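*Asks:* What follows is a single structure, and I will ask about it in a moment.
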Amino acid sequence: MSAVVAGVDIGSTTAKCVVLGEDSRILGKSLSVVGVDIVKDAERALEAALADAHLSRSEVSFITGTGYGRYKVYFGQLVVTEISCHARGANFLFPGTRLVVDIGGQDTKAIRIDEKGEVVDFAMNDKCAAGTGRFLDVCANALGYDVGEIGPLSLQARRAVKVTSTCTVFAESEVTSYVSRGKDPKDILAGLHASIANRTLSLMQRVGVEPEITFTGGVSQNEGMVHALHRRLGVPVNVSPLSQYLGALGAALHGRERLSGGAA
Amino acid sequence: MITGGLDLGAGVIKGVLLEDGRRILATASAPSRGIPVQTAHQVLDALGETANIAPDDIDYLCTTGFGRYSIPERNLQVSDFTSSARGAIFLFPKTRMVVDVGTQASRTMSISETGKVLKFKMNEKCAAGAGRFVERCSKYLQVPLEEMGPKALASERPKLISSVCAVLAETEIINNVAEGVPLSDILMGVFLSLAQRAHSLMRYVGIQPEVTLVGGLVRNVGMVKALHDTVGMDLNVAPDAYYAAALGSAVLGHSRLRKLATAPQGARG
């Protein structure tokens with residue numbers, strides 16, 4: 001029996017899958033948008049990652065589901081919360097991690113972890129779009145940009161505006177009024193990123209800010225946000241091209257432990 | 001003696017002309033887009049036309065609302081709490097509680113028999129409890145704002161909204177549409193969600209009869225029904241309550257003017 005394991009992370013916005021080989025090497029991964037049929041989206045995420053790894057389904061010994069839609073990963077053998085998975089994934093990629101900041105499409109979490117990657121404490125906002133990827137989506141839209149463009153643009157700001165609204169809806173109006181007052185969109189974008197950094201910091205403070213800090217979730221791919229967090233915290237945050245996959249990676253790692261009989 | 005009241009709200013500018021502090025001569029409103037001062041002048045012109053008087057015939061102008069400082073020719077400005085309370089007392093003298101769900105903020109206050117504000121609670125931080133949420137729903141459900149209320153009245157099984165955020169609720173509502181939930185049930189669900197938020201503001205202040213609804217919400221029959229069903233008591237509703245803050249500031253303008261007229265010359269400000 002080969003010891004290939006897979007983790008499937010069904011988020012509110014995207015599905016991620018990571019296929020892990022015996023030596024914990026990433027053999028394949030996938031990222032896709034989540035639609036209405038979550039069950040099918042989970043299947044597709046796994047198939048895409050298997051295709052990337054040039055493996056067939058029968059070669060995978062264990063599948064773990066995580067994320068918002070984890071109970072729809074019907075083909076999996078284990079379900080783990082995304083909090084534990086992000087903790088484990090961050091620990092794997094950056095072993096010095098003590099605080100994980102996960103900014104996803106629809107929620108934000110601050111997770112304090114120990115040196116083994118176990119969760120010590122966490123705080124989360126899943127009630128309100130403020131401070132989440134959704135906030136950036138809405139504001140990018142209001143400025144006529146694609147969400148992928150706004151991070152780099154925000155880095156070109158000369159003087160960030162101050163965004164006072166917490167609520168996404170009110171921030172959208174604030175953005176529009178800044179535009180009509182002739183403010184540079186780059187300065188507005190920098191202000192928006194700084195505002196999320198502020199909100200994130202207060203979430204982090206609820207569990208205690210302790211380096212190293214690893215930034216995960218879809219928004220970690222936004223370099224403007226990485227910069228804004230760094231500025232607000234005064235210390236750099238760990239980020240990698242794999243940051244968005246840390247939930248799926250952590251799920252695969254949890255599966256591997258289960259397969260080998262208990263905790264590592 | 002003619003006094004004017006102007007309420008410069010976040011969504012709509014409203015105006016009232018009042019004769020001798022007792023009789024409403026005219027009411028008018030316009031959406032506050034672009035430059036508020038221009039819209040305010042349009043409202044004043046419309047008032048003058050209805051009452052058939054020239055702008056100079058207004059003896060005293062009192063402004064209220066978010067943009068109350070933007071009108072240079074005002075004689076007085078008062079807070080929107082004070083003016084709504086006065087307007088509510090003018091229309092329903094037994095009012096002890098005023099509820100206002102505005103475009104950008106919702107407010108609840110308890111008032112004395114003379115219209116003094118005793119205690120209040122306001123939400124201006126979150127769109128989920130404000131009219132802006134209804135405006136957004138109107139847009140993505142493609143139901144004109146003024147048709148939302150009447151349509152909601154047909155609801156048999158309102159579809160409650162679990163999200164407490166206007167943005168996250170959007171996804172939920174769109175999913176409900178996709179699942180074939182009747183439009184009237186979705187709309188009533190939106191109004192009930194706003195009503196629950198207004199109700200918790202009311203409970204915070206302490207509910208006491210009579211409760212008078214003021215501002216934009218009185219024009220929305222769906223919202224009025226949702227609030228009535230949520231609170232479980234009779235609520236005062238009148239068409240002129242839409243202008244309550246403007247009306248109240250005209251009333252306050254009148255009493256100020258009378259005081260000035262009766263005061264000794266030297267004391268005139």
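Identifiers for the structure tokens are assigned positionally: chains receive A, B, ... in sequence, residues are indexed from 1 per chain, and ligands are indexed from 1 in the order shown.
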Show me, as JSON, numbers by chain, the residues that have an atom within 6 Å of Leu194 in chain B when counting only C-alpha atoms, minus same-chain residues fewer than 3 positions from it.
*Replies:* {"B": [129, 191, 197]}
*Asks:* Taking only C-alpha atoms into account, find every residue of chain A that has an atom no more than 7 Å from chain B, and write it out as a PyMOL selection string.
*Replies:* chain A and resi 127-129+166-167+169-170
*Asks:* Please return, as a ChimeraX atom specification, all residues of range 25-243 of chain A that DSSP assigns to strand (DSSP E) on the basis of the backbone.
*Replies:* /A:26-33,60-66,78-79,99-103,108-113,119-125,213-216
*Asks:* Could you write out the selected residues, including N, CA and C atoms, as a tab-separated table (two decimals), in the first residue's frame?
*Replies:*
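Now in again_16.tsv:
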```
chain	number	residue	atom	x	y	z
A	26	ILE	N	4.96	17.49	-1.73
A	26	ILE	CA	3.70	17.79	-2.41
A	26	ILE	C	3.78	17.27	-3.84
A	27	LEU	N	2.93	16.30	-4.15
A	27	LEU	CA	2.95	15.69	-5.48
A	27	LEU	C	2.05	16.44	-6.45
A	28	GLY	N	0.97	17.00	-5.91
A	28	GLY	CA	0.06	17.72	-6.79
A	28	GLY	C	-0.87	18.58	-5.97
A	29	LYS	N	-1.43	19.63	-6.62
A	29	LYS	CA	-2.38	20.48	-5.91
A	29	LYS	C	-3.36	21.08	-6.91
A	30	SER	N	-4.47	21.58	-6.38
A	30	SER	CA	-5.45	22.23	-7.25
A	30	SER	C	-6.15	23.35	-6.49
A	31	LEU	N	-6.64	24.28	-7.26
A	31	LEU	CA	-7.38	25.43	-6.71
A	31	LEU	C	-8.53	25.71	-7.66
A	32	SER	N	-9.76	25.73	-7.17
A	32	SER	CA	-10.88	26.02	-8.05
A	32	SER	C	-11.96	26.78	-7.31
A	33	VAL	N	-12.81	27.41	-8.07
A	33	VAL	CA	-13.87	28.23	-7.49
A	33	VAL	C	-15.02	27.32	-7.05
A	60	VAL	N	-4.40	6.70	-3.83
A	60	VAL	CA	-4.47	7.54	-2.62
A	60	VAL	C	-5.01	6.69	-1.48
A	61	SER	N	-4.28	6.61	-0.37
A	61	SER	CA	-4.72	5.74	0.72
A	61	SER	C	-5.67	6.43	1.70
A	62	PHE	N	-5.59	7.74	1.80
A	62	PHE	CA	-6.38	8.39	2.83
A	62	PHE	C	-6.72	9.82	2.41
A	63	ILE	N	-7.97	10.20	2.60
A	63	ILE	CA	-8.40	11.55	2.22
A	63	ILE	C	-9.05	12.24	3.43
A	64	THR	N	-8.63	13.46	3.68
A	64	THR	CA	-9.19	14.24	4.79
A	64	THR	C	-9.87	15.49	4.24
A	65	GLY	N	-11.04	15.79	4.77
A	65	GLY	CA	-11.76	16.99	4.35
A	65	GLY	C	-11.68	18.05	5.43
A	66	THR	N	-11.63	19.30	4.99
A	66	THR	CA	-11.64	20.41	5.95
A	66	THR	C	-12.32	21.62	5.32
A	78	LEU	N	-11.89	11.17	6.88
A	78	LEU	CA	-11.71	11.94	8.11
A	78	LEU	C	-12.10	13.38	7.83
A	79	VAL	N	-12.66	14.03	8.88
A	79	VAL	CA	-13.00	15.44	8.78
A	79	VAL	C	-12.31	16.16	9.93
A	99	LEU	N	1.75	31.95	15.64
A	99	LEU	CA	0.45	32.57	15.39
A	99	LEU	C	0.13	32.47	13.90
A	100	VAL	N	-1.03	31.92	13.61
A	100	VAL	CA	-1.46	31.80	12.22
A	100	VAL	C	-2.57	32.83	12.00
A	101	VAL	N	-2.46	33.60	10.93
A	101	VAL	CA	-3.51	34.53	10.56
A	101	VAL	C	-4.07	34.05	9.24
A	102	ASP	N	-5.33	33.68	9.26
A	102	ASP	CA	-5.97	33.15	8.07
A	102	ASP	C	-7.04	34.13	7.62
A	103	ILE	N	-6.82	34.79	6.49
A	103	ILE	CA	-7.86	35.67	5.96
A	103	ILE	C	-8.43	35.01	4.72
A	108	THR	N	-12.21	35.47	8.95
A	108	THR	CA	-10.83	35.74	9.35
A	108	THR	C	-10.59	35.03	10.68
A	109	LYS	N	-9.41	34.41	10.80
A	109	LYS	CA	-9.10	33.71	12.05
A	109	LYS	C	-7.69	34.05	12.50
A	110	ALA	N	-7.51	34.10	13.81
A	110	ALA	CA	-6.18	34.21	14.40
A	110	ALA	C	-6.04	32.97	15.27
A	111	ILE	N	-5.01	32.17	15.00
A	111	ILE	CA	-4.86	30.90	15.70
A	111	ILE	C	-3.48	30.85	16.35
A	112	ARG	N	-3.45	30.72	17.67
A	112	ARG	CA	-2.16	30.60	18.35
A	112	ARG	C	-1.84	29.11	18.48
A	113	ILE	N	-0.61	28.73	18.12
A	113	ILE	CA	-0.26	27.31	18.11
A	113	ILE	C	1.03	27.07	18.88
A	119	VAL	N	-3.29	23.54	18.25
A	119	VAL	CA	-3.98	24.80	18.52
A	119	VAL	C	-4.00	25.08	20.02
A	120	VAL	N	-3.58	26.28	20.41
A	120	VAL	CA	-3.61	26.70	21.82
A	120	VAL	C	-4.85	27.55	22.07
A	121	ASP	N	-5.12	28.46	21.15
A	121	ASP	CA	-6.26	29.37	21.30
A	121	ASP	C	-6.58	29.94	19.91
A	122	PHE	N	-7.81	30.34	19.71
A	122	PHE	CA	-8.12	31.01	18.45
A	122	PHE	C	-9.24	32.01	18.62
A	123	ALA	N	-9.28	32.98	17.69
A	123	ALA	CA	-10.38	33.95	17.65
A	123	ALA	C	-10.80	34.05	16.20
A	124	MET	N	-12.09	34.28	15.98
A	124	MET	CA	-12.49	34.33	14.58
A	124	MET	C	-13.64	35.29	14.35
A	125	ASN	N	-13.69	35.85	13.15
A	125	ASN	CA	-14.82	36.65	12.73
A	125	ASN	C	-15.44	35.96	11.52
A	213	ILE	N	4.79	34.81	12.85
A	213	ILE	CA	3.42	34.90	12.40
A	213	ILE	C	3.35	34.41	10.95
A	214	THR	N	2.48	33.47	10.70
A	214	THR	CA	2.33	32.94	9.34
A	214	THR	C	0.95	33.32	8.81
A	215	PHE	N	0.98	33.88	7.64
A	215	PHE	CA	-0.23	34.41	6.99
A	215	PHE	C	-0.74	33.36	6.00
A	216	THR	N	-1.98	32.92	6.17
A	216	THR	CA	-2.55	31.90	5.28
A	216	THR	C	-3.89	32.37	4.72
```
*Asks:* Determine the nearest neighbour of Leu93 in chain A from the options A:Leu249, A:Val39, A:Leu229, A:Cys17, counting only C-alpha atoms.
*Replies:*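 Ranking A:Leu249, A:Val39, A:Leu229, A:Cys17 by distance to Leu93 in chain A, first place goes to A:Leu249.
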*Asks:* Report as JSON, numbers by chain all protein, DNA and RNA residues lying within 10 Å of His41 in chain B, evaluated on only C-alpha atoms, omitting residues in the same chain fewer than 6 positions from it.
*Replies:* {"B": [6, 13, 15, 47, 55, 71]}
*Asks:* In Å, with one decimal, what is the gap from CA of Leu141 in chain B to CA of Val181 in chain B?
*Replies:*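 Pair CA of Leu141 in chain B / CA of Val181 in chain B returns 12.4 Å.
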*Asks:* Leaving out Ile188 in chain A and any residue of its chain fewer than 3 positions from it, which residues lie within 12 Å of it when counting only C-alpha atoms, given as a VMD selection string?
*Replies:* chain A and resid 136 139 to 140 142 to 143 150 to 151 153 to 164 171 to 172 174 to 185 191 to 195
*Asks:* Which one is closest to Val78 in chain B: B:Asp7, B:Glu49, B:Glu135, B:Asp20? Count only C-alpha atoms.
*Replies:*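 When distances to Val78 in chain B are compared using only C-alpha atoms, the smallest one comes from B:Asp7.
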*Asks:* Can you tell me how far CA of Ala130 in chain B sits from CA of Thr168 in chain A, in Å to one decimal?
*Replies:* 13.1 Å
*Asks:* Just want the 12 Å neighbourhood of Val177 in chain B, counted on only C-alpha atoms, with same-chain residues fewer than 4 positions away dropped. Output as a ChimeraX atom specification.
*Replies:* /B:137,140-142,159,170-173,181-187
*Asks:* Grab the CA of Tyr74 in chain A to CA of Tyr245 in chain A distance for me, in Å with one decimal place.
*Replies:*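 Spanning CA of Tyr74 in chain A to CA of Tyr245 in chain A is a straight-line distance of 20.1 Å.
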*Asks:* Write out as a ChimeraX atom specification all residues of range 35-253 of chain A that DSSP puts in helix (DSSP H, G or I) for this structure's backbone.
*Replies:* /A:38-53,57-59,70-72,82-93,133-143,147-154,168-180,185-207,218-221,223-233,243-253
